[in-house]
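One structure below.
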Amino acid sequence: MTVMPEPQWWTSLLDISPELAAEDVQSQARWRRLASHQEEEQPLTIRLGDLGQAFVTNFASISPDQRRRILSILEDVQASGSEQEGTAVATGFFEAVLGAWDEGFDLRAIWEDMGLESRTYCISLNEFHGVKTPDWMNRK
């Protein structure tokens with residue numbers, strides 16, 4: 001697996017929320033504890049997946065402004081970042097959030113704050129998995 005260097009926007013993302021920054025530290029520590037990964041950096045997609053799970057878990061502690069800023073950075077990466085970074089955001093962060101929606105997370109609480117690229121990816125993933133997309137997801 002090719003590991004990307006940490007992108008410039010990563011620090012800005014973690015600076016928004018102490019909860020997410022703490023989860024990233026814990027996630028990397030878990031990664032390094034795995035004997036086969038001691039010399040390898042954690043892939044960005046896995047870090048973003050862990051961050052997506054932390055975003056959902058700590059949702060009540062992350063202010064609406066922080067949420068908007070987090071989602072804005074991730075949208076910018078998908079819209080104008082490299083293809084590899086955009087794919088990491090989509091398959092890491094947003095797949096984790098959609099997985100949480102399947103388990104009861106209220107995706108409507110962030111849907112309007114998500115950008116067009118992010119929403120389009122989520123709808124496409126629903127279609128791919130045969131999940132009926134609710135009407136509220138299709139409103140622009």
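As shown in the structure tokens, the chain order sets the letters A, B, ...; within each chain, residues go from 1, and ligands are also counted from 1 in the order they appear.
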
field: Secondary structure check, alpha helix (DSSP H) residues of chain A, as number ranges by chain
entry: A: 8-16, 18-33, 44-57, 64-80, 83-88, 95-102, 108-111, 116-129, 135-138

Generate a file of the selected residues that holds C-alpha atoms, formatted as a compact mmCIF listing (two decimals), in the first residue's frame.
```txt
# COMPACT_ATOMS: atom_id res chain seq x y z
CA GLN A 8 -1.07 20.51 4.04
CA TRP A 9 -4.77 20.68 4.90
CA TRP A 10 -4.48 17.91 7.51
CA THR A 11 -3.13 20.17 10.25
CA SER A 12 -5.85 22.75 9.57
CA LEU A 13 -8.45 20.01 9.90
CA LEU A 14 -7.12 18.76 13.24
CA ASP A 15 -6.73 22.31 14.60
CA ILE A 16 -10.52 22.76 14.43
CA PRO A 18 -9.47 18.95 20.08
CA GLU A 19 -11.62 15.79 20.04
CA LEU A 20 -10.59 14.95 16.48
CA ALA A 21 -6.95 15.83 17.13
CA ALA A 22 -6.92 13.51 20.17
CA GLU A 23 -8.50 10.71 18.12
CA ASP A 24 -5.83 11.10 15.44
CA VAL A 25 -3.09 10.71 18.07
CA GLN A 26 -4.81 7.58 19.44
CA SER A 27 -5.40 6.21 15.95
CA GLN A 28 -1.74 6.54 15.05
CA ALA A 29 -0.71 4.95 18.34
CA ARG A 30 -2.99 1.96 17.64
CA TRP A 31 -1.50 1.70 14.15
CA ARG A 32 2.07 1.68 15.47
CA ARG A 33 1.25 -1.00 18.07
CA LEU A 44 -4.50 8.72 5.00
CA THR A 45 -7.67 6.78 4.15
CA ILE A 46 -7.48 4.88 7.44
CA ARG A 47 -6.75 8.09 9.38
CA LEU A 48 -9.76 9.73 7.72
CA GLY A 49 -11.95 6.72 8.51
CA ASP A 50 -10.96 6.94 12.16
CA LEU A 51 -11.57 10.69 12.03
CA GLY A 52 -15.03 10.12 10.55
CA GLN A 53 -15.87 7.72 13.37
CA ALA A 54 -14.57 10.24 15.93
CA PHE A 55 -16.62 13.01 14.27
CA VAL A 56 -19.78 10.96 14.78
CA THR A 57 -18.86 9.75 18.27
CA PRO A 64 -21.94 23.67 14.57
CA ASP A 65 -19.25 26.12 13.45
CA GLN A 66 -16.51 23.52 13.92
CA ARG A 67 -18.58 20.98 11.98
CA ARG A 68 -19.05 23.40 9.09
CA ARG A 69 -15.33 24.17 9.01
CA ILE A 70 -14.40 20.47 9.06
CA LEU A 71 -16.86 19.64 6.29
CA SER A 72 -15.70 22.66 4.28
CA ILE A 73 -12.08 21.53 4.33
CA LEU A 74 -13.09 18.02 3.31
CA GLU A 75 -15.27 19.41 0.51
CA ASP A 76 -12.39 21.55 -0.76
CA VAL A 77 -10.16 18.48 -0.86
CA GLN A 78 -12.74 16.53 -2.85
CA ALA A 79 -13.44 19.43 -5.20
CA SER A 80 -9.93 20.71 -5.82
CA GLU A 83 -7.50 12.67 -6.95
CA GLN A 84 -5.74 10.52 -4.36
CA GLU A 85 -6.61 12.92 -1.51
CA GLY A 86 -10.22 13.28 -2.69
CA THR A 87 -10.60 9.52 -2.82
CA ALA A 88 -9.13 9.20 0.68
CA GLU A 95 -17.89 6.12 4.26
CA ALA A 96 -17.39 6.09 8.04
CA VAL A 97 -20.11 8.73 8.46
CA LEU A 98 -22.48 6.84 6.15
CA GLY A 99 -21.76 3.66 8.09
CA ALA A 100 -22.73 5.50 11.28
CA TRP A 101 -25.96 6.66 9.58
CA ASP A 102 -26.80 2.99 9.04
CA ARG A 108 -29.60 15.13 8.35
CA ALA A 109 -27.86 17.12 11.08
CA ILE A 110 -24.88 17.74 8.78
CA TRP A 111 -26.35 17.24 5.30
CA LEU A 116 -21.95 19.22 -3.38
CA GLU A 117 -19.04 16.80 -3.95
CA SER A 118 -19.54 15.23 -0.52
CA ARG A 119 -23.30 14.87 -0.92
CA THR A 120 -22.92 13.50 -4.44
CA TYR A 121 -20.46 10.88 -3.20
CA CYS A 122 -22.81 9.80 -0.41
CA ILE A 123 -25.76 9.47 -2.81
CA SER A 124 -23.60 7.52 -5.28
CA LEU A 125 -22.44 5.19 -2.53
CA ASN A 126 -26.05 4.58 -1.51
CA GLU A 127 -26.89 3.71 -5.12
CA PHE A 128 -23.86 1.40 -5.38
CA HIS A 129 -24.96 -0.49 -2.26
CA ASP A 135 -35.96 12.43 -0.54
CA TRP A 136 -34.24 14.89 1.82
CA MET A 137 -30.87 13.85 0.38
CA ASN A 138 -31.91 14.76 -3.16
```

statement: From atom CA of A:Glu6 to atom CA of A:Ser63 the spacing works out at 25.5 Å

query: atom CA of A:Ile62 to atom CA of A:Pro7: how many Å, to one decimal?
result: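 Taking atom CA of A:Ile62 as the start and atom CA of A:Pro7 as the end point, the length is 22.8 Å.
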
statement: Taken to one decimal, the atom CA of A:Phe59-atom CA of A:Ser17 distance is 10.7 Å
